[in-house]
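Take a look at the structure below.
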Amino acid sequence: MPDTENRTGQATTAAGPPLSTPALGGIRRLSALDTVRARIAMAIDLGLLAPGERLPAAAEIAAALDVGEITVRRALVALCDDGLLERRRGRNGGTLVAQHPAKGSVSAVGSYRSDTDSVRRLIDHRLVLECGIAHLAAGHADDAALRELERLVEVMDRVTGWAEFHRHDEEFHLAVASATGTPSVVVPYAAVVRELYRYYLPYPLDALRASNAEHRALVRALRQGDRAAAAAVAQEHVQTLHRTMFIGLPGAVPVPGPAATAGD
């Protein structure tokens with residue numbers, strides 16, 4: 001039976017539902033302001049942002065969380081009112097995590113947790129695509145593409161915080177997809193990755209460094225043309241999300257390292 005389209009214009013098949021990313025519910029009901037509050041609050045609740053830790057500039061947070069800078073500034077003020085953040089003046093000032101943050105004070109966090117099952121399916125969706133993309137890229141990436149990936153790995157090794165890392169991480173993964181030489185895989189892959197990034201939380205820099213070590217291993221496998229090794233690295237890289245993304249951390253604090261990476 002031929003494929004059809006549903007009322008939203010998404011492709012469907014005779015076998016089942018639309019060929020799209022999994023439907024996600026809870027956070028779609030939140031305002032942009034509350035999504036920023038929830039993501040920073042959850043990172044503090046889980047111990048990913050430590051007491052006294054300085055947050056990046058509002059512009060950097062806005063770029064990492066894909067919202068406007070004004071929204072971020074309003075969210076930071078609200079989180080100060082919530083008792084999670086505090087403002088300090090002077091050379092060493094800025095917006096910092098409170099020394100004794102009022103954990104559990106932002107109700108919007110519940111909307112993220114309510115999406116647990118859908119996010120798990122979304123990670124599995126990415127896993128299928130990521131392994132196939134790595135396998136293809138190992139056989140098709142040219143030297144220019146590989147040099148760009150190596151450049152991005154070096155850039156991520158030098159970043160000083162989670163907001164800057166996040167921007168280059170997305171660029172890296174989309175560049176791997178482009179290196180397959182198969183444009184038809186880039187659009188669906190980008191959609192899945194960007195949907196997952198709606199759930200991105202600030203993570204400790206040590207954990208992000210471990211994530212970048214996996215990026216480096218992937219590029220090495222691509223340069224060697226080792227399809228099996230590339231797919232294996234990609235599989236571990238995405239499966240880490242199941243272990244360490246916020247939905248797998250009900251109050252637990254991850255130990256930074258290769259087995260506890262959630263940068264992407």
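Chain identifiers are assigned as A, B, and so on, following the order in which chains appear in the structure tokens; residues are numbered from 1 within each chain, and ligands are numbered from 1 in order of appearance.
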
Residue list (strand (DSSP E), DSSP) for segment 76-215 of chain A, as a ChimeraX atom specification: /A:85-88,94-97

Restricting it to N, CA and C atoms, dump the selection as a compact mmCIF listing (two decimals), in the first residue's frame.
```
# COMPACT_ATOMS: atom_id res chain seq x y z
N LEU A 85 19.44 30.86 42.74
CA LEU A 85 20.58 31.64 42.29
C LEU A 85 20.73 32.88 43.16
N GLU A 86 21.88 33.52 43.04
CA GLU A 86 22.09 34.79 43.71
C GLU A 86 22.97 35.67 42.84
N ARG A 87 22.80 36.96 42.99
CA ARG A 87 23.60 37.93 42.24
C ARG A 87 24.68 38.51 43.14
N ARG A 88 25.89 38.62 42.58
CA ARG A 88 26.99 39.24 43.33
C ARG A 88 27.58 40.35 42.49
N GLY A 94 28.52 38.35 39.44
CA GLY A 94 27.76 37.72 38.37
C GLY A 94 26.59 36.96 38.95
N THR A 95 26.06 36.02 38.19
CA THR A 95 24.96 35.18 38.66
C THR A 95 25.53 33.82 39.02
N LEU A 96 25.35 33.43 40.28
CA LEU A 96 25.93 32.19 40.78
C LEU A 96 24.84 31.31 41.41
N VAL A 97 25.13 30.02 41.47
CA VAL A 97 24.25 29.12 42.20
C VAL A 97 24.35 29.47 43.68
```

Near segment 128-134 of chain A, 7 Å: segment 179-254 of chain A residue rows, closest pairs, only C-alpha atoms, as a tab-separated table:
```
residue	atom	partner	partner_atom	distance
A:Thr180	CA	A:Ile133	CA	6.5
A:Tyr189	CA	A:Leu129	CA	6.6
A:Ala230	CA	A:Ala134	CA	5.4
A:Ala231	CA	A:Cys131	CA	4.7
A:Ala234	CA	A:Cys131	CA	5.5
A:Gln235	CA	A:Cys131	CA	5.9
```

Give me a file of those residues, with all heavy atoms, as a compact mmCIF listing (two decimals), in the first residue's frame.
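Now in selection-v2.txt:
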```txt
# COMPACT_ATOMS: atom_id res chain seq x y z
N THR A 180 28.47 11.87 5.45
CA THR A 180 28.03 10.63 4.81
C THR A 180 27.89 10.78 3.31
O THR A 180 27.86 9.79 2.58
CB THR A 180 26.67 10.17 5.37
OG1 THR A 180 25.66 11.16 5.04
CG2 THR A 180 26.73 9.97 6.87
N TYR A 189 17.84 13.44 10.78
CA TYR A 189 18.77 13.36 11.91
C TYR A 189 18.80 14.68 12.67
O TYR A 189 18.74 14.70 13.90
CB TYR A 189 20.16 12.99 11.41
CG TYR A 189 21.20 13.00 12.51
CD1 TYR A 189 21.20 12.01 13.49
CD2 TYR A 189 22.16 14.00 12.58
CE1 TYR A 189 22.13 12.01 14.51
CE2 TYR A 189 23.10 14.01 13.59
CZ TYR A 189 23.09 13.01 14.56
OH TYR A 189 24.02 13.03 15.56
N ALA A 230 33.40 2.79 14.04
CA ALA A 230 32.65 4.05 14.05
C ALA A 230 31.25 3.83 14.60
O ALA A 230 30.76 4.61 15.43
CB ALA A 230 32.60 4.65 12.65
N ALA A 231 30.59 2.77 14.15
CA ALA A 231 29.24 2.48 14.63
C ALA A 231 29.24 2.14 16.11
O ALA A 231 28.33 2.52 16.85
CB ALA A 231 28.63 1.33 13.83
N ALA A 234 29.60 5.35 18.09
CA ALA A 234 28.33 6.08 18.03
C ALA A 234 27.29 5.44 18.95
O ALA A 234 26.53 6.14 19.63
CB ALA A 234 27.82 6.11 16.60
N GLN A 235 27.26 4.13 18.98
CA GLN A 235 26.30 3.43 19.84
C GLN A 235 26.54 3.76 21.31
O GLN A 235 25.60 4.10 22.03
CB GLN A 235 26.41 1.92 19.64
CG GLN A 235 25.46 1.11 20.52
CD GLN A 235 25.59 -0.39 20.30
OE1 GLN A 235 26.44 -0.84 19.55
NE2 GLN A 235 24.75 -1.16 20.95
```

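Each of A:His173, A:Gly52, A:Arg37, A:Tyr203 was compared to Gly110 of chain A using only C-alpha atoms, and A:Arg37 turns out to be the nearest.
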
Per-residue DSSP, segment 27-262 of chain A, filtered to helix (DSSP H, G or I), as an MDAnalysis selection string: chainID A and resid 27:29 32:45 58:65 69:81 109:113 116:140 143:158 162:178 183:197 205:224 227:244 246:248

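Atom CA of His237 of chain A is positioned 15.2 Å from atom CA of Tyr200 of chain A.
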
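The shell of residues at most 12 Å from Thr182 of chain A, with only C-alpha atoms counted and near chain neighbours (fewer than 5 positions) removed, consists of Gly132, Ile133, Ala134, Leu136, Ala137, Gly139, His140, Ala141, Ala175, Val176, Ala177, Val187, Pro188 and Tyr189 of chain A.
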